[in-house]
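The structure under discussion appears below in the form of structure tokens.
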Amino acid sequence: MPITAAASAMFDGITGVYGIVFSLAAAIASFAGPILGPRIPNDVATIILTLASVLAYIICTLPHPLSNMSGKNKSGPVVGTALAGFVYAFGTQHYLSVAAFFPSEAVVALSTGSGLSIVFGTGIYIALVNKAFVQDWRRCFLVIAPTALSMPIIWWFVFDKAGRRAAELSRRQSLQRYRQSASSDTVERPDVEKVSANAANDSDERAPSQVSRPGFGPNKTRVGLFFQTILPRYILPLIICTSCAILCLFGLAPALQTLNRFPDAPAGYLEFELIFFAYGSAQFLFSALVAVKPVPIIWIWTGVEVTLTTIILIQIWYPFIHYFWIWWVLMFFVGGCVGGSVTNTNYKISKEFKEAGEPDEVRSFANRFAGLGNFGGDAIGGAIGLVIQLVVVTKLTPTPDSG
């Protein structure tokens, strides 16, 4: 999240580029994740995510890691941002698939933790970059990078061991069945017996309800489940909601800053950093509220988000809000809507597939695709945001200073 908070500084005047690079990488990882993810052992996935997180921070600072210069060379920030997008998407998919082997509340906890990272990470970044490092975001990244090493510690020492074993066993069994169906009768019998033996060895450590059962076959394919159920019921409303949210954050917010629509706003990059903090705080709070009272009617969240986006679009061409803190509150609710939408979608998928008695393999597959609506919307919103920023720079006149 510190990388997102620094988007305005890394891509000054073209913040939408950050949204496109980050979101495209996330969207590609989201599409590829359900296909390639089951082939990667869960422990290895955690190591990959940890290394990629550390590298994302370091690469963003290149080619001048210890300089505070704002040159035109954006190769480092672009590559680092893409890597951060991959970590965000692949990590979310990976841990959501693991959450299928825990109670439904685990999905809420995961989404709430993701929201908390925005508040915590952004708060640390704002404090460091505005105090200790005096707007030197590169040095700030280098200091924050080692915090990614907490990921494997949490995975191996905080996650429930039985749940991790169940997820890994299901992954191996699902992959084995896929290879059997692909090679038809040429699959060697000893491989099947080995998987069965592993299941027997682990059965004493798992509850009967956790034992993985075959879920996909001729009558239920992954492609059919995705297009007939997951896409229209869960992903479509989430894509619309997240597209609007990212458009507001990476397109409209920087555009309003460029146009000087709020004369009382903080100077410099602090304006965008405070807006992102409002967005992230609300995303966390509304995600946490799902644990108390879920509102799994996703179209409600989408409708409110579209309304807020329309209001902010009007502000670009016909400004009627002149106070920064009113704008701050508006962006707070933009973040709240997307937080509520994402968490309720994840919760709804987990709960409904479990209540339907779907096998572990099917629930894990559905959970992996839950993030596609989020990251696909990010890419669409980032692209539209970049177009709006370019229009603002070339066509619109900033509001003159009152002084």
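Each chain of the structure tokens is named A, B, ... in the order shown, its residues numbered from 1; ligands are numbered from 1 in display order.
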
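The protein and nucleic acid residues lying at most 10 Å from A:Ile321 are Arg261, Phe262, Ile311, Ile312, Ile314, Gln315 and Trp327 of chain A, with only C-alpha atoms considered and sequence neighbours fewer than 6 positions away removed.
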
Could you list, with a cut-off of 9 Å and counting only C-alpha atoms, the residues of stretch 63-140 of chain A near stretch 49-54 of chain A, each shown with its nearest atom pair and the distance in Å rounded to one decimal, rows sorted by chain and ascending number, as CSV?
```
residue,atom,partner,partner_atom,distance
A:Leu83,CA,A:Ala52,CA,6.6
A:Ala84,CA,A:Ser53,CA,6.5
A:Phe86,CA,A:Ala52,CA,8.4
A:Val87,CA,A:Leu49,CA,5.8
A:Tyr88,CA,A:Leu49,CA,8.9
A:Phe90,CA,A:Leu49,CA,8.0
A:Gly91,CA,A:Leu49,CA,6.6
```

Keeping C-alpha atoms for every residue in the selection just given, could you write it to a file as a compact mmCIF listing (two decimals), in the first residue's frame?
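Result saved to result-v5.txt:
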```txt
# COMPACT_ATOMS: atom_id res chain seq x y z
CA LEU A 83 5.35 -6.37 -9.67
CA ALA A 84 3.25 -4.87 -6.87
CA PHE A 86 1.11 -9.14 -9.37
CA VAL A 87 1.70 -9.53 -5.61
CA TYR A 88 -1.65 -7.94 -4.80
CA PHE A 90 -1.85 -13.40 -6.93
CA GLY A 91 -1.55 -13.08 -3.15
```

Contacts between stretch 57-65 of chain A and stretch 132-180 of chain A, please, where a residue of stretch 132-180 of chain A counts if it comes within 10 Å (with only C-alpha atoms); show its shortest atom pair and distance in Å to one decimal, rows by chain and ascending number, as a tab-separated table.
```
residue	atom	partner	partner_atom	distance
A:Trp137	CA	A:Thr61	CA	8.3
A:Arg138	CA	A:Thr61	CA	5.1
A:Arg139	CA	A:Pro65	CA	7.1
A:Cys140	CA	A:Tyr57	CA	9.4
A:Phe141	CA	A:Tyr57	CA	5.6
A:Leu142	CA	A:Ile58	CA	6.3
A:Val143	CA	A:Tyr57	CA	9.3
A:Ile144	CA	A:Tyr57	CA	7.9
A:Ala145	CA	A:Tyr57	CA	5.7
A:Pro146	CA	A:Tyr57	CA	9.3
A:Ala148	CA	A:Tyr57	CA	9.6
```

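Atom to atom, atom CA of A:Leu308 and atom CA of A:Cys244 stand 8.6 Å apart.
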